[in-house]
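Structure, as structure tokens:
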Amino acid sequence: MRYSGFKVIKEALTGHRGWGPAWRDAEPKSNYDYVIIGGGGHGLATAYYLAKQYRQSRIAVVEKGWIGGGNVGRNTTIIRSNYLLDGNEPFYEFSLKLWEVLEQDLNYNAMVSQRGILNLIHSDAQRDAFVRRGNAMILNGADAELLSTEQILRRYPFLNVNNARFPIKGGLAQHRGGTVRHDAVAWGYARAADQHGVDIIQNCEVTGFRIEDGTCSGIETTRGFIGAKKIAACVAGSSSRLMTKAGMRLPIESHVLQAFVSEGLKPVLPGVITFGAGHFYCSQSDKGGLVFGGDIDGYNSYAQRGNLPVVEDVCEGGMAIFPVLGRVRLLRMWGGIMDMSMDGSPIIDRTHIDGLYFNGGWCYGGFKATPASGFAFAHLLATDTPHETATAYRFDRFARGCMIDEKGMGNQPNLH
Amino acid sequence: MMIDHPTLGPRDAAEFVYMGCASLINRPDWQAEDALQQFIDYGYQRDNPSGAHRELWFHEGGDRSWLVVTRDTVTHAITQVELARDVARREGRSK
Amino acid sequence: MTQTNRLQGGMIDRSRTLSFRFDGKAFQGHPGDTLASALLANDVRLMGRSFKYHRPRGPMTAGSEEPNAIVELRTGARQEPNTRATTAELFDGLVANSQNRWPSLRFDAMGVNDWLSPFFAAGFYYKTFMWPAKFWEKLYEPMIRRAAGLGSVSFEPDPDSYDKGFLYCDLLVIGGGPAGLATALRAGEAGARVILADEDFTLGGRLNAETHEVAGMAGHAWAAQAVARLADMPNVRVMPRTTILGAFDHGTYGALERVSDHLAVPEKGKPRQILWRIYSKHALLAAGATERPIAFENNDRPGIMLAGAVRSYVNRWAVTPAQNVAIFTNNDDGHRTATDLRTRGVNVAAVIDTRPDAPDGGDFEVIRGGVITNTSGRLGLTGIEVRTADGGQRKISCGALGVSGGWNPNVALTCHQGGRPAWNTDIAAFVPGSTLPPNMSVAGAANGVFTTHGAFHTGAKAASQILDHLGLSAPAPDLPEAEDGPVNLTPFWHVKDAKRAWVDQQNDVTAKDVKLAHQENFVSVEHLKRYTTLGMATDQGKTSNMAGLAIMAEVAGKSIPEVGTTMFRPPYTPTAIGAFAGRSRDKDFRPVRKTPSHVWAEEKGAVFVEVGMWLRAQWFPQPGETHWRESVDREVLQTRKSVGICDVTTLGKIDVQGADAADFLNRIYCNGFAKLPVGKTRYGLMLREDGIAMDDGTAARLADDHFVVTTTTANAVGVYRHMEFVRQCLFPDMDVQLISTTEAWAQFAVAGPNARKLLRKVVDDDYDVSNEGFPFMACAEITVCGGLRARLFRISFSGELAYEIAVPTRYGDAMIRKLMQAGEEFDVVPYGTEALGVMRIEKGHAAGNELNGTTTALNLGMGRMVSKKKDSIGSTLSEREGLNEDDALKLVGFKPVDNSKPVPAGSHLMTKGSQVDAAHDQGYVTSACYSPNLGCHIGIGFLKSGHARTGEVIRLVSPLTGIDHEVEVVSAHFVDPEGERLRA
């Protein structure tokens, strides 16, 4: 069923009886060509592009709970491609381009809103770094603009410039960045994948891998064995937990990242803005809530919740640049589990086990990567070669010394 | 979170800085045959368990001791706190 | 006509009258009122508009669970959007305005959405607004955004202050109703340190809202007595107006105390609110229960509220929402409301009870087995339509309707650490599950025990167990007599076949939306919530989630617990962002560290710059200088010509002592330190274990077993932490001790050809500072100014003959003045961080921009420094292939071909004639400046194959800033490449 304005009007006039399920609840079959583990944004996107772009069939997505229940449903909805390093920037720019055509492609309004993202600059050294980054973005075909404080104040007139601990000295803007209605991404991909024949199997937890002679031939699940020619793990946040079942240790730690939303407000923030001298970034949802976040809590955790010190740290950052937010109330705080990798960049690669593929290590950058991650992973699964924008995302980059370390923090995951 | 410091008693975790898995104590021998491979594993591979996790915390806002804290990564319950120096010695590290 | 709906009695202070305004109209109320109770007293039921359909709304509750009566409270900079009228305490002069309506609350143009509601079903926006793609940002979204949102912010900085505090207790009692009071009394009497917190301004919970007697007196009177007893106990802290926001790890609870929200403005020196972090050994959740509504056609009109809320208004605030009130219930509680109304002389139009076997009322009509099928009254309820058990229809006129669908225990805090509540069939509600946050217990209605008697007994029992744990002996409880009626309830969630029956009133989610979600396969609780926005409003679904679940269970053919529960997330009620930030805002966002010469520099008119937490002098403008470059050029030239002084205290300083100190530094630095003689300083490069440069600095050997290590300003803390890690965790038996002495020593660089002459004047005569006696890289402990202990290092960041002199910090101010005075005859200049930067770039020294966390010793041109003969941190992993490529980036200098052109940092480098894109990127400029010595801009940066390309003209591009011109690759050592000056 195609969605359209016409269809909405027709259904409204006939009691909405015609809407069918957005996706089928499939029963697991005994075997598939491809089984994707993880019904999050990346897993569903992988299935979709595998079916649509690479014309593969007999594809299943298995999800231990409900689709979209992980980080695609608990992030702060930002999309951008303002990366510095050549290993990353082409990939994220590819992702942004896919976002730009996503809704027409999926026939689902995920509210991709290119309202712009702005990184504030507070020191000369930071400006130098942002100039280098902005140039890298442009050289990779993305957009970037260096803004003066005056230009910034025209868009954010209530920014704290008169009484700031770290005065604002400009900003790096990416106007094509913005936000997307995060849940809708999972649902849109699920619906589109389903329409291409992908089986979406919810409440099906993987309990083990069947591996013989270095080859993986299927997965054991709470709903029985499912055989597959290729098995693709796509469970960022829980990657180590899953891959342990295949006997693998990963260059990943799991950390909790908190996020926050305020009560609904009439329009305050036109775009996404990040504070450069503390941990705070913020945007306003179409519904009116300010969606904001900051740094990870910093300790290994699989609990989807954090603690007060980080909550306070984030709000302090907010009050440093937006003291007008003092009386706005924080409505809800929650946590998501991040695959924090050893250099802050992801992995999309084959494993040393034949037939077993891995996608993870997204740190807190996974949401914006969703389309490209799905596309690149589908490419790898279908062709056994890395997608041209994801050639750097290999397991062996640590052994080779080819880290992709945007923040220059080294092999300590909680610093990325 | 509260960390029951072996010499100072319960302290707020906000006084501490976290580093990561306590396996970082077991730095390989630089002269081993496969030293490079050992260092790669040491530097980059993690167990990352869900459940009990031995991890390094530094009491930066306190007595500047490194601690090995055994903490459950699902419940955050802490079952043991030791001075990292004691652990390191026990695991055979010296000079 | 004022307060026409005010009754006799109640817990308000009638001796005083408070004036307030709502939407510009003046009203009066009394101390003890909330905004909602005072408006109801004045016969105002319409207080807000709903989110999506802009339906007229009045208060549904009498507490913090309120979804409808939310207003903009106060005006000007203190305007607070989305404030619940039901909890806002009335004060004299209060001003509130309705929100999310235009042009007025009564005539809201956006109300047209209500007529169009068939088009706005759950999730409609996912299915349209996609064509053409560009219209989303330009047309659809701005339209949606303007219509969406609730209250508005003032766009002025919050003028109030917020404090943070820390409290410690044996037992935190959450909720001051009968269960909480009983527990606190028992524990308090046993000597436990108790904190009793309640969100209300008057403790007592439902005792204040009911007519039940306790121990032979009015319930609220007993509560007041209990609170007075607790207040007298020195080991008990009673905290009204304090909401426990969340249960965090290890017994830590967040709490918000509203210190001044009941006042027009905070008293002088007092904060508006305090965010407390409460460290508890035990916690007792006695947060009571929240009544839940029944969904039926047009169940959202102003005047329709929860039956228990009606009792609260009648009994506590002596207010009836209307003079003629009907009740709709599925349990005995609704009858209690009718009885209380009758007692106060309010007419009860009828009690409609869904149960065919409902009990006999009293002096009011009970319609058994009846349901409400519709209501009337656009801006306020005028009547209801009832379908009787025999299928007949009746119209009953009434101005208010009390609805009761039973009560939900307030289990939120039991779920903050991942616990899931359990279904209790007896009360048809979720109760706390088996997994509670450690050391939390639950009593009273929060645990599904709904009688006052039960509250006392479960509270006392919990107290006994907690006291046992604490090792305190408890006297036998002497619990007051209280009501102990059974819960009689037959679950009833919604009247079927309603066209529009609201489930989530604020977000306008109807029963049909829930069914549509099911139809479209959004059946899990999380999908239901996210697809329909059920429970996502400012009340967090406190009154709506259960009905949503129940309806989903019904259409899915499952039981409610099979459908599941949504997670409860902190904070328990929405909390001001300002409170979480406390004093750390604006200029006080972070502390300021000032250098020892700060006051002196201020006197000299220095311009300061933030360097991390530090404030450093950036340059020292002189009269007549109009551009910063004039000042900086002068400082550089004068330093290189004669002598300049710079405060370098911010560099990290670490004292390293012990027999193994040299060995230790040998492990820390990639280059060798074992053989450094006493009295010598050496440059050291520190790698991270992954082989990337971490920091650089110097280590001075003051004695065999004593070194002083310096770090960069930015890395002072991290380097110290790292060194302690290596010491304690890797080499625990090394005889070495570390201490950070950054704050202990004031340190000044004295640089320039006349540096020695200047120093000679302050260094005591016992010490030789001649080139022979104190050569380049020498160090010594000396005295200055006639006996003041000091440290002298002959090191140079500027490339000049230079020293760094350190004195105890408290002498820093005196030292700078002394140095400047001694330098007068040489026309000494103070120089700031800009001149410091210019001179180090001219000299080609790496700093933060070069040590950016991705560069190696090889990149920095120091590859050969990494000793292969010893084990040092990072040496092994620095050998990886990717870090040793043939064309690796190397640090070089750049000069513009056209001397008038800049060489801006952040520019990228391209080979001449090649394409300009990322694939052809050859490197980047890290640091740049105008060199007054060379008379042109210069830069240093990383270029593929580095020095091998010296002399090559390459293309410098910065598309971001519109720069594209040629530069020549040169040595990074622009000034004095042979180092003659610093050895002079």
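Convention: chains lettered A, B, ... in structure tokens order; per-chain residue numbering from 1; ligands numbered from 1 as shown.
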
Next item on the list: Identify, with DSSP run on backbone atoms, the residues in chain B assigned to strand (DSSP E or B), and express the list as number ranges by chain.
Entry: B: 2-5, 9-12, 17-21, 46, 52-58, 66-72, 78-83

Based on the selection just made, write N, CA, C and O atoms of those residues as a short mmCIF file (atom, residue, chain, number, x, y, z; two decimals), in the first residue's frame.
```
data_model
loop_
_atom_site.label_atom_id
_atom_site.label_comp_id
_atom_site.auth_asym_id
_atom_site.auth_seq_id
_atom_site.Cartn_x
_atom_site.Cartn_y
_atom_site.Cartn_z
N MET B 2 28.60 5.06 44.11
CA MET B 2 29.51 5.21 45.24
C MET B 2 30.57 4.12 45.16
O MET B 2 30.27 2.96 44.90
N ILE B 3 31.81 4.53 45.38
CA ILE B 3 32.90 3.57 45.37
C ILE B 3 33.49 3.51 46.77
O ILE B 3 33.88 4.54 47.34
N ASP B 4 33.50 2.31 47.31
CA ASP B 4 33.98 2.14 48.68
C ASP B 4 35.51 2.01 48.64
O ASP B 4 36.06 0.92 48.53
N HIS B 5 36.16 3.13 48.74
CA HIS B 5 37.62 3.19 48.63
C HIS B 5 38.24 2.40 49.77
O HIS B 5 37.84 2.55 50.92
N GLY B 9 37.04 4.89 52.44
CA GLY B 9 35.62 4.65 52.64
C GLY B 9 34.81 5.08 51.42
O GLY B 9 35.37 5.39 50.38
N PRO B 10 33.47 5.11 51.57
CA PRO B 10 32.61 5.37 50.41
C PRO B 10 32.81 6.79 49.87
O PRO B 10 32.78 7.76 50.63
N ARG B 11 33.07 6.87 48.58
CA ARG B 11 33.25 8.17 47.93
C ARG B 11 32.39 8.20 46.68
O ARG B 11 32.22 7.17 46.01
N ASP B 12 31.88 9.37 46.33
CA ASP B 12 31.08 9.51 45.11
C ASP B 12 31.95 9.23 43.88
O ASP B 12 33.07 9.73 43.79
N VAL B 17 38.08 9.18 37.99
CA VAL B 17 38.14 9.15 36.53
C VAL B 17 38.27 7.69 36.11
O VAL B 17 39.08 6.94 36.67
N TYR B 18 37.47 7.31 35.13
CA TYR B 18 37.43 5.92 34.69
C TYR B 18 38.39 5.69 33.53
O TYR B 18 38.53 6.56 32.67
N MET B 19 39.05 4.56 33.53
CA MET B 19 39.90 4.26 32.37
C MET B 19 39.39 3.08 31.55
O MET B 19 39.25 3.19 30.35
N GLY B 20 39.12 1.98 32.21
CA GLY B 20 38.68 0.82 31.42
C GLY B 20 39.04 -0.48 32.13
O GLY B 20 39.29 -0.51 33.34
N CYS B 21 39.11 -1.53 31.33
CA CYS B 21 39.28 -2.88 31.85
C CYS B 21 40.59 -3.02 32.62
O CYS B 21 41.64 -2.53 32.19
N ARG B 46 38.91 -6.18 23.95
CA ARG B 46 38.29 -6.14 25.28
C ARG B 46 37.26 -7.25 25.43
O ARG B 46 36.55 -7.56 24.48
N ALA B 52 29.89 -9.12 35.79
CA ALA B 52 31.02 -8.65 36.59
C ALA B 52 32.15 -8.15 35.70
O ALA B 52 32.53 -8.80 34.72
N HIS B 53 32.67 -6.99 36.01
CA HIS B 53 33.72 -6.37 35.21
C HIS B 53 34.75 -5.77 36.15
O HIS B 53 34.41 -4.97 37.03
N ARG B 54 36.00 -6.16 35.97
CA ARG B 54 37.08 -5.57 36.78
C ARG B 54 37.62 -4.39 36.00
O ARG B 54 38.01 -4.53 34.84
N GLU B 55 37.65 -3.24 36.65
CA GLU B 55 37.95 -2.02 35.89
C GLU B 55 38.76 -1.03 36.72
O GLU B 55 38.75 -1.07 37.95
N LEU B 56 39.43 -0.15 36.03
CA LEU B 56 40.35 0.80 36.66
C LEU B 56 39.70 2.17 36.83
O LEU B 56 39.17 2.74 35.88
N TRP B 57 39.75 2.67 38.05
CA TRP B 57 39.26 4.02 38.37
C TRP B 57 40.39 4.76 39.09
O TRP B 57 41.07 4.20 39.94
N PHE B 58 40.52 6.02 38.77
CA PHE B 58 41.58 6.85 39.37
C PHE B 58 40.92 7.90 40.28
O PHE B 58 40.01 8.61 39.85
N TRP B 66 45.02 4.61 42.02
CA TRP B 66 44.29 3.82 41.03
C TRP B 66 43.66 2.64 41.76
O TRP B 66 44.31 2.00 42.59
N LEU B 67 42.39 2.39 41.45
CA LEU B 67 41.68 1.29 42.09
C LEU B 67 41.23 0.28 41.04
O LEU B 67 40.96 0.65 39.90
N VAL B 68 41.16 -0.97 41.46
CA VAL B 68 40.49 -1.98 40.64
C VAL B 68 39.14 -2.24 41.28
O VAL B 68 39.05 -2.70 42.42
N VAL B 69 38.10 -1.88 40.55
CA VAL B 69 36.73 -2.00 41.05
C VAL B 69 36.07 -3.14 40.30
O VAL B 69 36.14 -3.20 39.07
N THR B 70 35.45 -4.05 41.03
CA THR B 70 34.66 -5.10 40.39
C THR B 70 33.20 -4.68 40.43
O THR B 70 32.63 -4.53 41.51
N ARG B 71 32.66 -4.44 39.27
CA ARG B 71 31.33 -3.83 39.18
C ARG B 71 30.52 -4.58 38.14
O ARG B 71 31.05 -4.99 37.11
N ASP B 72 29.26 -4.75 38.40
CA ASP B 72 28.38 -5.42 37.44
C ASP B 72 27.92 -4.39 36.41
O ASP B 72 27.36 -3.35 36.77
N ILE B 78 28.60 -2.84 42.94
CA ILE B 78 30.05 -3.01 43.13
C ILE B 78 30.28 -4.05 44.21
O ILE B 78 29.72 -3.95 45.30
N THR B 79 31.09 -5.06 43.88
CA THR B 79 31.29 -6.14 44.84
C THR B 79 32.68 -6.11 45.46
O THR B 79 32.90 -6.71 46.50
N GLN B 80 33.63 -5.44 44.82
CA GLN B 80 34.97 -5.42 45.39
C GLN B 80 35.72 -4.19 44.92
O GLN B 80 35.58 -3.77 43.76
N VAL B 81 36.49 -3.60 45.84
CA VAL B 81 37.35 -2.48 45.48
C VAL B 81 38.71 -2.73 46.09
O VAL B 81 38.83 -3.00 47.28
N GLU B 82 39.75 -2.68 45.24
CA GLU B 82 41.11 -2.91 45.72
C GLU B 82 42.02 -1.82 45.18
O GLU B 82 41.74 -1.22 44.13
N LEU B 83 43.14 -1.61 45.87
CA LEU B 83 44.16 -0.72 45.33
C LEU B 83 44.78 -1.42 44.12
O LEU B 83 45.18 -2.59 44.21
#
```

Next item on the list: For chain C, work out the contacting residues on chain B at 6 Å, counting only C-alpha atoms, and write them as number ranges by chain.
Entry: B: 1, 25, 84-85, 88, 94-95

Next item on the list: May I have the residues of chain A within 6 Å of chain C, counting only C-alpha atoms, written as number ranges by chain?
Entry: A: 3-5, 12, 20-22, 108-109, 128, 131-132, 135, 139-140, 163-165, 263-266, 286-288, 307, 312, 315-316, 319-320, 323-324, 326-333, 400-402, 408-409

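In this structure, the chain A residues at most 6 Å away from chain B are A:Arg249, A:Leu250, A:Pro251, A:Glu253, A:Ser301, A:Tyr302, A:Ala303, A:Ala399, with only C-alpha atoms considered.
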
Could the residues in this selection be saved with N, CA, C and O atoms as a CSV table (one decimal), in the first residue's frame?
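This went into out.csv:
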```
chain,number,residue,atom,x,y,z
A,249,ARG,N,36.4,-11.7,20.6
A,249,ARG,CA,36.5,-10.5,21.4
A,249,ARG,C,36.6,-9.3,20.4
A,249,ARG,O,37.2,-9.5,19.3
A,250,LEU,N,36.1,-8.2,20.8
A,250,LEU,CA,36.1,-7.1,19.9
A,250,LEU,C,36.8,-5.8,20.4
A,250,LEU,O,37.0,-5.7,21.6
A,251,PRO,N,37.3,-5.0,19.5
A,251,PRO,CA,37.9,-3.7,20.0
A,251,PRO,C,36.8,-2.7,20.4
A,251,PRO,O,36.7,-1.6,19.8
A,253,GLU,N,34.1,-1.3,23.7
A,253,GLU,CA,33.5,-1.3,25.1
A,253,GLU,C,32.1,-0.8,25.0
A,253,GLU,O,31.8,0.1,24.2
A,301,SER,N,28.9,-0.1,30.7
A,301,SER,CA,27.6,-0.3,31.2
A,301,SER,C,26.7,-0.9,30.1
A,301,SER,O,26.8,-0.6,28.9
A,302,TYR,N,25.9,-1.9,30.5
A,302,TYR,CA,24.8,-2.4,29.7
A,302,TYR,C,23.4,-2.0,30.2
A,302,TYR,O,22.4,-2.5,29.8
A,303,ALA,N,23.4,-1.1,31.2
A,303,ALA,CA,22.1,-0.6,31.8
A,303,ALA,C,21.7,0.6,31.0
A,303,ALA,O,22.5,1.5,30.8
A,399,ALA,N,45.6,-3.4,14.1
A,399,ALA,CA,46.9,-4.1,14.0
A,399,ALA,C,47.8,-3.4,13.0
A,399,ALA,O,49.0,-3.4,13.2
```

Check: Which residues come within 12 Å of Arg49 in chain C, counting only C-alpha atoms, excluding same-chain residues fewer than 2 positions away, as a PyMOL selection string?
Finding: chain C and resi 45-47+51-59+67-71+82+97-102+104-111+113-114+148-151+300-302+379+505-508

Margin query: At a cut-off of 8 Å, using only C-alpha atoms, what residues contact His845 in chain C? Leave out same-chain residues fewer than 5 positions from it and give the result as a list of chain:residue names.
Written below: C:Phe797, C:Arg840, C:His973

Okay, now the selection with C-alpha atoms, as a tab-separated table (two decimals), in the first residue's frame?
```
chain	number	residue	atom	x	y	z
C	797	PHE	CA	60.50	27.90	23.78
C	840	ARG	CA	57.43	29.15	18.92
C	973	HIS	CA	62.82	26.47	11.93
```

Next item on the list: Name the residues of range 3-44 of chain B that fall into alpha helix (DSSP H) according to DSSP on the backbone, using the chain letters and numbers of this document, as a PyMOL selection string.
Entry: chain B and resi 35-44

N, CA and C atoms of the current selection, written as a PDB file, in the first residue's frame:
```pdb
ATOM      1  N   ALA B  35      55.800  -9.786  20.552  1.00  0.00           N
ATOM      2  CA  ALA B  35      55.459  -8.608  21.364  1.00  0.00           C
ATOM      3  C   ALA B  35      54.443  -7.714  20.657  1.00  0.00           C
ATOM      4  N   LEU B  36      54.646  -7.481  19.356  1.00  0.00           N
ATOM      5  CA  LEU B  36      53.748  -6.571  18.651  1.00  0.00           C
ATOM      6  C   LEU B  36      52.311  -7.092  18.697  1.00  0.00           C
ATOM      7  N   GLN B  37      52.135  -8.396  18.401  1.00  0.00           N
ATOM      8  CA  GLN B  37      50.787  -8.969  18.432  1.00  0.00           C
ATOM      9  C   GLN B  37      50.213  -8.886  19.845  1.00  0.00           C
ATOM     10  N   GLN B  38      51.051  -9.176  20.838  1.00  0.00           N
ATOM     11  CA  GLN B  38      50.567  -9.098  22.219  1.00  0.00           C
ATOM     12  C   GLN B  38      50.124  -7.684  22.575  1.00  0.00           C
ATOM     13  N   PHE B  39      50.915  -6.695  22.126  1.00  0.00           N
ATOM     14  CA  PHE B  39      50.550  -5.310  22.425  1.00  0.00           C
ATOM     15  C   PHE B  39      49.264  -4.894  21.702  1.00  0.00           C
ATOM     16  N   ILE B  40      49.083  -5.435  20.499  1.00  0.00           N
ATOM     17  CA  ILE B  40      47.846  -5.111  19.761  1.00  0.00           C
ATOM     18  C   ILE B  40      46.637  -5.662  20.520  1.00  0.00           C
ATOM     19  N   ASP B  41      46.747  -6.907  20.967  1.00  0.00           N
ATOM     20  CA  ASP B  41      45.635  -7.476  21.739  1.00  0.00           C
ATOM     21  C   ASP B  41      45.419  -6.699  23.033  1.00  0.00           C
ATOM     22  N   TYR B  42      46.523  -6.413  23.703  1.00  0.00           N
ATOM     23  CA  TYR B  42      46.468  -5.679  24.978  1.00  0.00           C
ATOM     24  C   TYR B  42      45.833  -4.311  24.777  1.00  0.00           C
ATOM     25  N   GLY B  43      46.223  -3.654  23.709  1.00  0.00           N
ATOM     26  CA  GLY B  43      45.763  -2.285  23.501  1.00  0.00           C
ATOM     27  C   GLY B  43      44.355  -2.181  22.962  1.00  0.00           C
ATOM     28  N   TYR B  44      43.915  -3.209  22.237  1.00  0.00           N
ATOM     29  CA  TYR B  44      42.680  -3.008  21.466  1.00  0.00           C
ATOM     30  C   TYR B  44      41.553  -4.005  21.712  1.00  0.00           C
TER      31      TYR B  44
END
```

Pick out the residues sitting within 6 Å of range 618-622 of chain C, and hand them over as a compact mmCIF listing (two decimals) with N, CA and C atoms, in the first residue's frame; count only C-alpha atoms, and ignore anything fewer than 3 positions along from it in its own chain.
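Result written to around-v4.txt:
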```txt
# COMPACT_ATOMS: atom_id res chain seq x y z
N ALA C 606 46.39 44.14 30.37
CA ALA C 606 46.48 42.98 29.49
C ALA C 606 45.10 42.56 28.99
N VAL C 607 45.09 42.02 27.79
CA VAL C 607 43.90 41.36 27.27
C VAL C 607 44.05 39.88 27.61
N PHE C 608 43.00 39.30 28.19
CA PHE C 608 43.11 37.91 28.64
C PHE C 608 42.38 36.96 27.70
N VAL C 609 42.83 35.72 27.73
CA VAL C 609 42.21 34.70 26.88
C VAL C 609 42.03 33.43 27.71
N GLU C 625 48.33 51.82 20.40
CA GLU C 625 48.18 50.61 19.59
C GLU C 625 46.69 50.35 19.36
N SER C 631 50.50 45.18 18.96
CA SER C 631 51.01 44.82 20.29
C SER C 631 51.85 43.56 20.21
N GLY C 832 52.51 38.11 25.93
CA GLY C 832 51.37 37.22 26.21
C GLY C 832 51.42 35.97 25.36
N THR C 833 50.33 35.26 25.37
CA THR C 833 50.29 33.96 24.69
C THR C 833 50.41 34.11 23.17
N GLU C 834 49.98 35.26 22.64
CA GLU C 834 50.09 35.43 21.18
C GLU C 834 51.55 35.51 20.76
```

Notebook entry, point to check: Which of these residues is nearest to Thr207 in chain A, using only C-alpha atoms: A:His255, A:Arg394, A:Lys229, A:Lys64?
Noted result: A:Lys64

Checklist line | Spatial neighbours of Pro830 in chain C, max dist 7 Å, only C-alpha atoms, sep filter under 4 positions, as a list in words | finding: Gly644, Ile645 and Cys646 of chain C

Next item on the list: Identify, on the basis of only C-alpha atoms, every residue whose closest approach to Arg55 in chain A does not exceed 12 Å; exclude the query and any residue fewer than 5 positions from it along the same chain; express the result as a ChimeraX atom specification.
Entry: /A:47-50,193,196-198,378-379,381-383

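Of the listed residues C:Asp704, C:Ser559, C:Lys515, C:Cys936, the one whose atoms come nearest to Arg17 in chain A is C:Lys515, with distances taken using only C-alpha atoms.
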